[in-house]
Amino acid sequence: MNEQEKKDYLEEYKKKKEKGLPFFPDILFKDAVVSLIIFLALIALAYFVGVPLEERANPADSSYTPRPEWYFLFLFQLLKYFPGNLEVIGVVVVPTLGVLLLFALPFLDASRFRHFARRPWVSGVTALTMVGIVVLTVLALYETPPPAATAAGDPTAALYAANCAGCHGPSIQVPEGTNLHEVIAQGGHTGMPAWGADLTSDQIDALAGFILSPSGSRFFAETCGDCHAAEDLVASEPAELKNALVQGTAYGAHAGLDIPQWAGILSLEEQTALLNFLVAPDGQRLFATNCASCHGASVAVSGAEEELRATILQGGLHLDMPAWGNRLTEEEIRSLAAYVIDPESGADGKPLYQEKCTACHPGRVPSADTLTAAVEIITTGGSHETMPVWGELLTPEQMDALVTYTWDAARGTGSGLGQDIFSQNCSSCHGPFGEGGPNPTRDGDIIAPISTAEYLKTRDDITLRAIIAQGQPNFGMSPFGLAYGGPLDDTAIDALVAFLRAWENNPPVDLPPDVPADTLSLTGGEVFATVCSQCHGVNADGGVGSSLRSTAFRAANTPESIFVTINAGHEDTAMIAWGGILTAQQIQDIVDFLLSLPVSEDGQSGAPSFRVAVLPILQAKCEICHSASDPGGGWVASDYDSVMTTGDNAPAVIPGDAAASLLAQKIQNLQTFGDKMPPRQDLTPEAIQIILDWIAAGALDN
Amino acid sequence: MAEDRSVSRRSFLTVATVAIGGVITAIMGIPAVAYIIGPALKKQSEQEWIPVGRASKVELGVPALFKVKIQRKAGWILNEQELSFYVLTEDGRDFIAMSNICTHLGCRARWVANEGIFFCPCHNGVFAKDGTVLGGPPPRPLDRVEVKVEDDQLFILGG
Amino acid sequence: MLTRIENWIEQRIGWRAAWEAIFLRKIPKVNWLYTLGSASLFVAINQIVTGILLTLYYVPTPDHAYDTVQFITYELPAGWFIRGLHHYGASAMVILAVLHMLRVIAYGAYKYPREVTWTSGVLLLLVVMGFGFTGYLLPWDQRAFWATIVGTRIAGTPPVVGDFILRVIRGGPELSEVTLARFYGVHVWVLPAVLLLLVGVHMVLVIRNGISAPPERGE
């Protein structure tokens, strides 16, 4: 545009302006009308659509699929086409060029032409850019689903994201036949922690299902998630689940519900994925839920793996009991049947039974209701026991896992971190299956099995951890916890406990080895000297444990309560439940022995030690809320100084005056303000007594 | 004539423009005022009868300590307060309730059963069973709380 | 009487000249597309008014931001209305500004003598985008948080300086309460100041140079 053209334009414009209208009110009226329309449109949007407000921001939830505001979507989409090192083009170069082009536009397009038809370049590029932006935005809308659809309603996915995704990324490839439940519970070899302590068994099952069948998890969230929580359904009976899915409202529990016929909506693949999610193809769990009720801990398999597979697939048809009618005389069958019905009266059939039947029916007499029925069964043979036809109930993946597990279990192989730790640290004394044996540290002593269901059922995880970490010096077991000078850190101990715990449902040994009976036939005093004195002192006047002779102990306990404590153990201390080891008579002997001891003269020496008796209680019951980092009421329960000095109403402890001590008032619910402590679960009377005794004895730092 | 039409059109547009402006301002302004004064109009959380427990828990002639938690929310922060007070009845029909906050400096006074007094440990304030001052620095009796009993249910007026 | 007051004020302020310059100026014959600029201004005013109202209750800290937005939306009288206008106003602002710009491009209105007007307009568009980006985080819900994580990460991709830019925007390596506070500060103080300045320049130039006439075919 030269000077002449500029002058021409200004003159031309002046003329047009003269012919025009005043801004007010003519032009402003139009503006007002448009503004009003826009304003009403905004109000309509606010009223009819509303402003979304999603869940509160959760930085831990990495499963959320973010999507920017719509007018940035085209940029967001553009980045997809510049992978890797080219990203900088999409992020920096293209937008910067775009903005620079806008700024430079008046100078690039400086001709005197103003009508768009006379400026094909500018019009063309602008049009193309706008089309591009619209296309990119539409593509982004299409390709990135709205966040709610992927993030909401799949709690298992969230569980995975919170616990596993950090190391494993969005998915895990699991080798076929992996016992996933066990791996998760016990940890893996390369630094994977044991989750058994943090997640419930059902949560682990759900995770295993999610890992093996993530799409199943999504189908679950979409179809069943409205009514069911995944944790409630995982590891249910596969037959029930399949029926529930296939039968729709015809299924008992679904009767009368307003639910769709899922079997018609989900494709066969989707149904399989869903079933795989709910009953993870995890052999150990499948065996435990489906087979253990009849087959016990494991099945002895003599044939090849293929035979095992065929057997499970075919179910009831596998019991090829011969038709004895062809092989035995009628007389023999009758006596056999009589023995089967009633071993007492039909004792004649016993030799025959042992000869012919025990190979398949070891140690038990299969029951039939009547003699006729028994005769019929023996004569015809065939598949009279109904093992479900698992081939029809399980998905192929579940089938594979079950076969692999059963096969492995028959050979006693295990997996996971806990297994390794056990074989490295424990098996030399406890045996490879925890079956026990001679105690290498003490002549003539026998280590009882620790893998029996009975042993494991009577000890909770905390007890097991304590035993492993602190050892049992009096039995020759050294401490294994890092804090006590041993080789195992908390994670390893958790893995070990999870490994032991797996034996509870699936014990590798059913009966303890014979323990020489005479080692236990001791008097109360002798038992005390060998067992109790390790903690309570040779004279029962205290050591690691509290004094059993003090006036306070006697005052707080009846013979019955002492018996109960020995029998059931002491929840808040290291004292285990001796009922599993000692007979009732022996415990009673110990009680009698204790009561026969003279009451200690010196009340002080019998007072509970702060570090040994009081602090463990405070740490177990109080420190959760009264920790140094987050002291409830300003009081810190983690060590002696803080117990004595901190607190909004310090001191919480007045040495020698339990009645006046706030701590004592609170645990006894005698406080004058605030709530009793602990707020929900009361301390045991014994624990309260320990704390009261300790305060009464001067609240020493001992 | 043409001039007239132009003038009337112009004045119409003026009126219309001003009217639209007024409409927008009103649509915007009225909700804005409501929005601003909303919290002020919110009903002052009136004192109401709060059930605190069974009246039969109160022994004749012995003050019984009751506690009740009340929640307050001015805006978006939930505050929990605990009210605690002693309830006393001499005949099982007429109840009085008094705050356990010492009228001296606000410590919690507590009932000392074997001496039959309320005692405030901070500065040895002593109150009689009915809350009157017996000794120490408290300037006035323990504050009374209105109380009523319906169907053995004890209510106090608070909030 | 009214005239006397008018005169009294006129002598002291000289508003008639301003009134005439702004409202009584002649405008060439224009079509409805020329209302887009005013519409943008209207929405900007809407954003300012509703935005100020929102700050009466909004608290820009992670522990309260979400609660206050909930309080505004669900508990205050007309809170949904104010927040709705602000929320959809933001989108309307972007749409109107872009349409306005397309009109200017189509009519070649950025040409002599209106180059500076155009430049201030482009800056205004960037400011609008900045408003959108910073405002998106403020409700502190899942969508806000994660979209901003991604948005700031995009800003962190350029080589060499990327990481520094990311830290400056987030106020640290992570998206945190610092990010929320500075996004709030930028959204509520910095950008509005820039916006008002640019709108002022834009308007003065529009009045001074006049609105371009729709070019005829061949022009």
# chains A, B, ... in the order shown; residues from 1 in each chain; ligands from 1
>>> interface_residues(of="chain B", to="chain C", cutoff="10 Å", atoms="only C-alpha atoms", output="PyMOL selection string")
chain B and resi 28-39+41-42+75-77
>>> write_last_selection(atoms="all heavy atoms", output="compact mmCIF listing (two decimals), in the first residue's frame")
# COMPACT_ATOMS: atom_id res chain seq x y z
N MET B 28 -28.90 -10.02 35.98
CA MET B 28 -27.60 -10.25 36.60
C MET B 28 -27.62 -9.81 38.07
O MET B 28 -27.08 -10.49 38.94
CB MET B 28 -26.58 -9.41 35.83
CG MET B 28 -25.15 -9.62 36.24
SD MET B 28 -24.55 -11.14 35.53
CE MET B 28 -23.79 -11.80 36.94
N GLY B 29 -28.25 -8.66 38.30
CA GLY B 29 -28.11 -8.00 39.60
C GLY B 29 -28.90 -8.66 40.71
O GLY B 29 -28.40 -8.83 41.81
N ILE B 30 -30.13 -9.08 40.40
CA ILE B 30 -30.96 -9.63 41.47
C ILE B 30 -30.35 -10.91 42.04
O ILE B 30 -30.17 -11.04 43.25
CB ILE B 30 -32.41 -9.83 40.98
CG1 ILE B 30 -33.03 -8.45 40.69
CG2 ILE B 30 -33.23 -10.59 42.00
CD1 ILE B 30 -34.33 -8.51 39.94
N PRO B 31 -29.98 -11.87 41.16
CA PRO B 31 -29.31 -13.05 41.73
C PRO B 31 -28.01 -12.69 42.44
O PRO B 31 -27.67 -13.30 43.46
CB PRO B 31 -29.02 -13.94 40.51
CG PRO B 31 -29.96 -13.48 39.47
CD PRO B 31 -30.15 -12.01 39.71
N ALA B 32 -27.31 -11.68 41.90
CA ALA B 32 -26.04 -11.31 42.53
C ALA B 32 -26.27 -10.84 43.96
O ALA B 32 -25.53 -11.20 44.88
CB ALA B 32 -25.33 -10.23 41.72
N VAL B 33 -27.34 -10.04 44.13
CA VAL B 33 -27.63 -9.56 45.49
C VAL B 33 -27.98 -10.74 46.39
O VAL B 33 -27.48 -10.87 47.51
CB VAL B 33 -28.78 -8.53 45.45
CG1 VAL B 33 -29.26 -8.22 46.85
CG2 VAL B 33 -28.31 -7.27 44.75
N ALA B 34 -28.82 -11.65 45.84
CA ALA B 34 -29.18 -12.83 46.64
C ALA B 34 -27.94 -13.62 47.01
O ALA B 34 -27.79 -14.11 48.14
CB ALA B 34 -30.15 -13.72 45.85
N TYR B 35 -27.05 -13.73 46.05
CA TYR B 35 -25.81 -14.50 46.23
C TYR B 35 -24.96 -13.88 47.33
O TYR B 35 -24.38 -14.58 48.16
CB TYR B 35 -25.10 -14.51 44.90
CG TYR B 35 -23.71 -15.08 44.85
CD1 TYR B 35 -23.49 -16.44 44.65
CD2 TYR B 35 -22.60 -14.24 44.95
CE1 TYR B 35 -22.22 -16.95 44.57
CE2 TYR B 35 -21.31 -14.74 44.85
CZ TYR B 35 -21.13 -16.10 44.67
OH TYR B 35 -19.86 -16.59 44.58
N ILE B 36 -24.94 -12.53 47.32
CA ILE B 36 -24.08 -11.87 48.30
C ILE B 36 -24.69 -11.94 49.70
O ILE B 36 -24.00 -12.23 50.68
CB ILE B 36 -23.86 -10.40 47.90
CG1 ILE B 36 -23.02 -10.34 46.62
CG2 ILE B 36 -23.16 -9.63 49.01
CD1 ILE B 36 -22.95 -8.99 45.98
N ILE B 37 -25.99 -11.70 49.77
CA ILE B 37 -26.56 -11.66 51.13
C ILE B 37 -27.05 -13.02 51.58
O ILE B 37 -27.54 -13.17 52.70
CB ILE B 37 -27.72 -10.63 51.22
CG1 ILE B 37 -28.88 -11.07 50.32
CG2 ILE B 37 -27.24 -9.24 50.84
CD1 ILE B 37 -30.09 -10.19 50.46
N GLY B 38 -26.88 -14.05 50.74
CA GLY B 38 -27.36 -15.40 51.07
C GLY B 38 -26.99 -15.86 52.47
O GLY B 38 -27.86 -16.20 53.28
N PRO B 39 -25.70 -15.87 52.78
CA PRO B 39 -25.29 -16.37 54.10
C PRO B 39 -25.89 -15.56 55.24
O PRO B 39 -26.14 -16.08 56.32
CB PRO B 39 -23.76 -16.23 54.07
CG PRO B 39 -23.41 -16.21 52.64
CD PRO B 39 -24.55 -15.53 51.95
N LEU B 41 -28.84 -14.22 55.21
CA LEU B 41 -30.25 -14.57 55.36
C LEU B 41 -30.43 -15.96 55.95
O LEU B 41 -31.50 -16.29 56.43
CB LEU B 41 -30.96 -14.51 54.00
CG LEU B 41 -31.05 -13.12 53.39
CD1 LEU B 41 -31.82 -13.18 52.09
CD2 LEU B 41 -31.71 -12.15 54.36
N LYS B 42 -29.38 -16.77 55.84
CA LYS B 42 -29.48 -18.13 56.34
C LYS B 42 -29.94 -18.09 57.78
O LYS B 42 -29.39 -17.34 58.58
CB LYS B 42 -28.12 -18.82 56.24
CG LYS B 42 -28.21 -20.32 56.16
CD LYS B 42 -26.85 -20.89 55.81
CE LYS B 42 -26.51 -22.03 56.73
NZ LYS B 42 -25.13 -22.45 56.60
N GLY B 75 -19.96 -22.04 56.74
CA GLY B 75 -19.80 -22.05 55.29
C GLY B 75 -19.50 -23.45 54.84
O GLY B 75 -20.38 -24.26 54.66
N TRP B 76 -18.22 -23.72 54.71
CA TRP B 76 -17.84 -25.03 54.19
C TRP B 76 -16.98 -25.81 55.17
O TRP B 76 -16.44 -26.83 54.85
CB TRP B 76 -17.10 -24.87 52.86
CG TRP B 76 -16.05 -23.82 52.92
CD1 TRP B 76 -14.76 -23.99 53.30
CD2 TRP B 76 -16.18 -22.44 52.60
NE1 TRP B 76 -14.08 -22.81 53.24
CE2 TRP B 76 -14.93 -21.83 52.81
CE3 TRP B 76 -17.25 -21.64 52.16
CZ2 TRP B 76 -14.72 -20.47 52.60
CZ3 TRP B 76 -17.02 -20.30 51.95
CH2 TRP B 76 -15.77 -19.72 52.17
N ILE B 77 -16.83 -25.29 56.37
CA ILE B 77 -16.01 -26.01 57.35
C ILE B 77 -16.90 -26.50 58.48
O ILE B 77 -17.66 -25.72 59.06
CB ILE B 77 -14.89 -25.11 57.90
CG1 ILE B 77 -13.95 -24.71 56.78
CG2 ILE B 77 -14.12 -25.84 58.98
CD1 ILE B 77 -12.88 -23.74 57.17
>>> interface_residues(of="chain B", to="chain A", cutoff="12 Å", atoms="only C-alpha atoms", output="ChimeraX atom specification")
/B:6-28,31,64-69,81-86,100-101,107-112,118-122
>>> write_last_selection(atoms="N, CA and C atoms", output="tab-separated table (two decimals), in the first residue's frame")
chain	number	residue	atom	x	y	z
B	6	SER	N	-37.72	9.42	11.34
B	6	SER	CA	-36.36	9.16	11.82
B	6	SER	C	-36.25	9.38	13.32
B	7	VAL	N	-36.90	10.52	13.75
B	7	VAL	CA	-36.82	10.81	15.18
B	7	VAL	C	-37.50	9.74	16.01
B	8	SER	N	-38.72	9.32	15.58
B	8	SER	CA	-39.43	8.32	16.39
B	8	SER	C	-38.68	6.99	16.41
B	9	ARG	N	-38.08	6.65	15.23
B	9	ARG	CA	-37.33	5.41	15.18
B	9	ARG	C	-36.15	5.50	16.16
B	10	ARG	N	-35.50	6.65	16.13
B	10	ARG	CA	-34.33	6.83	16.97
B	10	ARG	C	-34.71	6.73	18.45
B	11	SER	N	-35.85	7.39	18.79
B	11	SER	CA	-36.21	7.33	20.21
B	11	SER	C	-36.65	5.93	20.60
B	12	PHE	N	-37.25	5.24	19.63
B	12	PHE	CA	-37.63	3.84	19.93
B	12	PHE	C	-36.37	3.01	20.21
B	13	LEU	N	-35.36	3.18	19.32
B	13	LEU	CA	-34.14	2.42	19.51
B	13	LEU	C	-33.49	2.76	20.84
B	14	THR	N	-33.52	4.04	21.18
B	14	THR	CA	-32.93	4.45	22.46
B	14	THR	C	-33.62	3.75	23.61
B	15	VAL	N	-34.94	3.81	23.58
B	15	VAL	CA	-35.70	3.17	24.65
B	15	VAL	C	-35.39	1.67	24.69
B	16	ALA	N	-35.39	1.06	23.49
B	16	ALA	CA	-35.18	-0.38	23.44
B	16	ALA	C	-33.80	-0.74	23.97
B	17	THR	N	-32.79	0.02	23.56
B	17	THR	CA	-31.44	-0.28	24.01
B	17	THR	C	-31.33	-0.17	25.52
B	18	VAL	N	-31.89	0.95	26.03
B	18	VAL	CA	-31.84	1.13	27.48
B	18	VAL	C	-32.60	0.01	28.18
B	19	ALA	N	-33.72	-0.38	27.59
B	19	ALA	CA	-34.52	-1.44	28.20
B	19	ALA	C	-33.74	-2.74	28.26
B	20	ILE	N	-33.07	-3.07	27.13
B	20	ILE	CA	-32.29	-4.31	27.12
B	20	ILE	C	-31.19	-4.25	28.18
B	21	GLY	N	-30.54	-3.09	28.24
B	21	GLY	CA	-29.49	-2.92	29.27
B	21	GLY	C	-30.07	-3.14	30.64
B	22	GLY	N	-31.27	-2.56	30.85
B	22	GLY	CA	-31.90	-2.71	32.16
B	22	GLY	C	-32.23	-4.15	32.47
B	23	VAL	N	-32.74	-4.86	31.44
B	23	VAL	CA	-33.11	-6.26	31.65
B	23	VAL	C	-31.88	-7.07	32.04
B	24	ILE	N	-30.79	-6.88	31.28
B	24	ILE	CA	-29.58	-7.64	31.58
B	24	ILE	C	-29.08	-7.33	32.98
B	25	THR	N	-29.08	-6.04	33.31
B	25	THR	CA	-28.61	-5.65	34.63
B	25	THR	C	-29.46	-6.29	35.72
B	26	ALA	N	-30.78	-6.30	35.47
B	26	ALA	CA	-31.67	-6.87	36.49
B	26	ALA	C	-31.45	-8.37	36.62
B	27	ILE	N	-31.36	-9.07	35.47
B	27	ILE	CA	-31.19	-10.52	35.52
B	27	ILE	C	-29.87	-10.86	36.22
B	28	MET	N	-28.90	-10.02	35.98
B	28	MET	CA	-27.60	-10.25	36.60
B	28	MET	C	-27.62	-9.81	38.07
B	31	PRO	N	-29.98	-11.87	41.16
B	31	PRO	CA	-29.31	-13.05	41.73
B	31	PRO	C	-28.01	-12.69	42.44
B	64	ALA	N	-25.35	-35.52	87.53
B	64	ALA	CA	-24.82	-36.49	86.56
B	64	ALA	C	-24.29	-35.72	85.35
B	65	LEU	N	-23.13	-36.15	84.93
B	65	LEU	CA	-22.49	-35.44	83.82
B	65	LEU	C	-23.05	-35.95	82.49
B	66	PHE	N	-23.49	-35.03	81.64
B	66	PHE	CA	-23.94	-35.37	80.29
B	66	PHE	C	-23.07	-34.64	79.28
B	67	LYS	N	-22.88	-35.30	78.17
B	67	LYS	CA	-22.13	-34.64	77.10
B	67	LYS	C	-22.89	-34.81	75.81
B	68	VAL	N	-22.83	-33.82	74.97
B	68	VAL	CA	-23.47	-33.94	73.68
B	68	VAL	C	-22.63	-33.19	72.67
B	69	LYS	N	-22.50	-33.80	71.52
B	69	LYS	CA	-21.72	-33.16	70.45
B	69	LYS	C	-22.67	-32.44	69.52
B	81	GLN	N	-18.50	-29.30	68.25
B	81	GLN	CA	-18.34	-28.77	69.60
B	81	GLN	C	-18.94	-29.76	70.57
B	82	GLU	N	-18.34	-29.83	71.71
B	82	GLU	CA	-18.91	-30.70	72.71
B	82	GLU	C	-19.45	-29.84	73.85
B	83	LEU	N	-20.71	-30.06	74.15
B	83	LEU	CA	-21.28	-29.38	75.31
B	83	LEU	C	-21.29	-30.40	76.45
B	84	SER	N	-20.81	-29.99	77.60
B	84	SER	CA	-20.95	-30.91	78.72
B	84	SER	C	-21.52	-30.14	79.89
B	85	PHE	N	-22.36	-30.84	80.65
B	85	PHE	CA	-23.07	-30.16	81.72
B	85	PHE	C	-23.57	-31.19	82.72
B	86	TYR	N	-23.80	-30.73	83.93
B	86	TYR	CA	-24.33	-31.61	84.97
B	86	TYR	C	-25.83	-31.44	85.07
B	100	ASN	N	-20.60	-27.22	83.09
B	100	ASN	CA	-19.52	-27.56	84.00
B	100	ASN	C	-18.34	-26.61	83.82
B	101	ILE	N	-18.56	-25.53	83.09
B	101	ILE	CA	-17.46	-24.57	82.91
B	101	ILE	C	-17.45	-23.61	84.08
B	107	CYS	N	-12.22	-23.14	83.37
B	107	CYS	CA	-11.79	-24.52	83.51
B	107	CYS	C	-13.03	-25.39	83.70
B	108	ARG	N	-12.84	-26.69	83.64
B	108	ARG	CA	-13.97	-27.59	83.83
B	108	ARG	C	-14.08	-27.95	85.32
B	109	ALA	N	-15.21	-27.62	85.88
B	109	ALA	CA	-15.42	-28.02	87.26
B	109	ALA	C	-15.92	-29.45	87.28
B	110	ARG	N	-15.54	-30.21	88.31
B	110	ARG	CA	-16.03	-31.59	88.34
B	110	ARG	C	-16.70	-31.88	89.69
B	111	TRP	N	-17.58	-32.83	89.65
B	111	TRP	CA	-18.36	-33.20	90.83
B	111	TRP	C	-17.50	-34.10	91.72
B	112	VAL	N	-17.34	-33.69	92.98
B	112	VAL	CA	-16.61	-34.53	93.92
B	112	VAL	C	-17.65	-35.17	94.82
B	118	PHE	N	-19.01	-29.20	93.72
B	118	PHE	CA	-18.29	-29.08	92.46
B	118	PHE	C	-16.97	-28.41	92.77
B	119	PHE	N	-15.92	-28.95	92.19
B	119	PHE	CA	-14.60	-28.41	92.49
B	119	PHE	C	-13.91	-28.08	91.17
B	120	CYS	N	-13.37	-26.88	91.10
B	120	CYS	CA	-12.61	-26.53	89.92
B	120	CYS	C	-11.13	-26.58	90.27
B	121	PRO	N	-10.38	-27.45	89.63
B	121	PRO	CA	-9.00	-27.69	90.05
B	121	PRO	C	-8.06	-26.53	89.72
B	122	CYS	N	-8.48	-25.64	88.84
B	122	CYS	CA	-7.53	-24.61	88.40
B	122	CYS	C	-7.20	-23.65	89.54
>>> atom_distance(atom1="CA of Leu275 (chain A)", atom2="CA of Thr200 (chain A)")
20.5 Å
>>> interface_residues(of="chain A", to="chain C", cutoff="6 Å", atoms="only C-alpha atoms", output="mmCIF file with N, CA and C atoms, in the first residue's frame")
data_model
loop_
_atom_site.group_PDB
_atom_site.id
_atom_site.type_symbol
_atom_site.label_atom_id
_atom_site.label_comp_id
_atom_site.auth_asym_id
_atom_site.auth_seq_id
_atom_site.Cartn_x
_atom_site.Cartn_y
_atom_site.Cartn_z
ATOM 1 N N LYS A 16 -17.915 6.913 3.303
ATOM 2 C CA LYS A 16 -18.778 5.841 3.812
ATOM 3 C C LYS A 16 -19.303 6.186 5.192
ATOM 4 N N LYS A 17 -18.456 6.813 5.965
ATOM 5 C CA LYS A 17 -18.827 7.171 7.328
ATOM 6 C C LYS A 17 -19.927 8.216 7.315
ATOM 7 N N GLY A 20 -23.183 6.808 6.867
ATOM 8 C CA GLY A 20 -23.550 5.793 7.867
ATOM 9 C C GLY A 20 -24.488 6.317 8.936
ATOM 10 N N LEU A 21 -24.572 5.593 10.026
ATOM 11 C CA LEU A 21 -25.495 5.902 11.114
ATOM 12 C C LEU A 21 -24.706 6.235 12.370
ATOM 13 N N PRO A 22 -25.329 6.977 13.278
ATOM 14 C CA PRO A 22 -24.631 7.211 14.556
ATOM 15 C C PRO A 22 -24.560 5.913 15.368
ATOM 16 N N PHE A 23 -23.486 5.823 16.123
ATOM 17 C CA PHE A 23 -23.300 4.619 16.942
ATOM 18 C C PHE A 23 -24.462 4.424 17.904
ATOM 19 N N PHE A 24 -24.842 5.536 18.544
ATOM 20 C CA PHE A 24 -25.983 5.460 19.453
ATOM 21 C C PHE A 24 -27.156 6.182 18.836
ATOM 22 N N ASP A 31 -26.006 -4.272 18.965
ATOM 23 C CA ASP A 31 -25.096 -4.894 19.938
ATOM 24 C C ASP A 31 -25.869 -5.395 21.150
ATOM 25 N N SER A 35 -26.091 -9.148 22.523
ATOM 26 C CA SER A 35 -25.630 -9.431 23.881
ATOM 27 C C SER A 35 -26.720 -10.122 24.694
ATOM 28 N N LEU A 42 -26.366 -18.261 27.770
ATOM 29 C CA LEU A 42 -25.517 -18.665 28.889
ATOM 30 C C LEU A 42 -26.368 -19.122 30.071
ATOM 31 N N ALA A 46 -26.466 -22.709 31.888
ATOM 32 C CA ALA A 46 -26.242 -22.877 33.326
ATOM 33 C C ALA A 46 -27.419 -23.598 33.972
ATOM 34 N N VAL A 51 -23.252 -26.708 35.713
ATOM 35 C CA VAL A 51 -21.792 -26.719 35.674
ATOM 36 C C VAL A 51 -21.314 -27.986 36.336
ATOM 37 N N GLU A 54 -16.699 -32.424 39.442
ATOM 38 C CA GLU A 54 -16.399 -33.838 39.629
ATOM 39 C C GLU A 54 -15.934 -34.095 41.051
ATOM 40 N N GLU A 55 -15.452 -35.297 41.265
ATOM 41 C CA GLU A 55 -14.882 -35.639 42.570
ATOM 42 C C GLU A 55 -13.757 -34.675 42.912
ATOM 43 N N ARG A 56 -13.516 -34.514 44.194
ATOM 44 C CA ARG A 56 -12.383 -33.710 44.641
ATOM 45 C C ARG A 56 -11.092 -34.249 44.005
ATOM 46 N N ALA A 57 -10.181 -33.349 43.679
ATOM 47 C CA ALA A 57 -8.924 -33.758 43.053
ATOM 48 C C ALA A 57 -8.217 -34.779 43.924
ATOM 49 N N PRO A 66 -7.239 -37.570 31.815
ATOM 50 C CA PRO A 66 -7.543 -36.151 31.774
ATOM 51 C C PRO A 66 -7.902 -35.685 30.370
ATOM 52 N N ARG A 67 -8.685 -34.682 30.319
ATOM 53 C CA ARG A 67 -9.016 -34.059 29.048
ATOM 54 C C ARG A 67 -9.082 -32.557 29.272
ATOM 55 N N PRO A 68 -8.367 -31.784 28.466
ATOM 56 C CA PRO A 68 -8.381 -30.339 28.701
ATOM 57 C C PRO A 68 -9.718 -29.733 28.295
ATOM 58 N N VAL A 88 8.337 -31.537 20.328
ATOM 59 C CA VAL A 88 8.616 -30.111 20.476
ATOM 60 C C VAL A 88 8.024 -29.313 19.309
ATOM 61 N N PHE A 103 0.285 -12.115 14.444
ATOM 62 C CA PHE A 103 0.831 -10.772 14.694
ATOM 63 C C PHE A 103 1.306 -10.135 13.382
ATOM 64 N N PRO A 106 -0.994 -8.213 9.343
ATOM 65 C CA PRO A 106 -1.179 -6.934 8.647
ATOM 66 C C PRO A 106 0.018 -6.570 7.779
ATOM 67 N N PHE A 113 -6.043 -4.478 -1.225
ATOM 68 C CA PHE A 113 -7.301 -5.210 -1.359
ATOM 69 C C PHE A 113 -7.841 -5.636 -0.001
ATOM 70 N N ARG A 114 -9.147 -5.487 0.117
ATOM 71 C CA ARG A 114 -9.755 -5.834 1.401
ATOM 72 C C ARG A 114 -10.802 -6.933 1.285
ATOM 73 N N HIS A 115 -11.423 -7.057 0.153
ATOM 74 C CA HIS A 115 -12.440 -8.091 0.014
ATOM 75 C C HIS A 115 -11.760 -9.466 -0.008
ATOM 76 N N PHE A 116 -12.379 -10.434 0.692
ATOM 77 C CA PHE A 116 -11.678 -11.716 0.840
ATOM 78 C C PHE A 116 -11.425 -12.409 -0.489
#
>>> select_by_dssp(residues="chain B", states="helix (DSSP H, G or I)", output="number ranges by chain")
B: 2-41, 55-57
>>> residues_around(residues="region 555-559 of chain A", least_positions_apart="4", cutoff="9 Å", atoms="only C-alpha atoms", output="JSON, numbers by chain")
{"A": [550, 551, 563, 564, 588, 591, 592, 595, 685, 686, 689]}
>>> residues_around(residues="Asn702 (chain A)", least_positions_apart="6", cutoff="9 Å", atoms="only C-alpha atoms", output="PyMOL selection string")
chain A and resi 608-612
>>> residues_around(residues="region 152-154 of chain B", least_positions_apart="2", cutoff="10 Å", atoms="only C-alpha atoms", output="ChimeraX atom specification")
/B:49-58,66,87,95,147-150,156
>>> atom_distance(atom1="CA of Thr137 (chain A)", atom2="CA of Lys80 (chain A)")
12.3 Å
>>> atom_distance(atom1="CA of Leu308 (chain A)", atom2="CA of Leu233 (chain A)")
27.8 Å
>>> closest_residue(among="A:Ser478, A:Leu464, A:Glu87, A:Glu454", to="Glu504 (chain A)", atoms="only C-alpha atoms")
A:Glu454
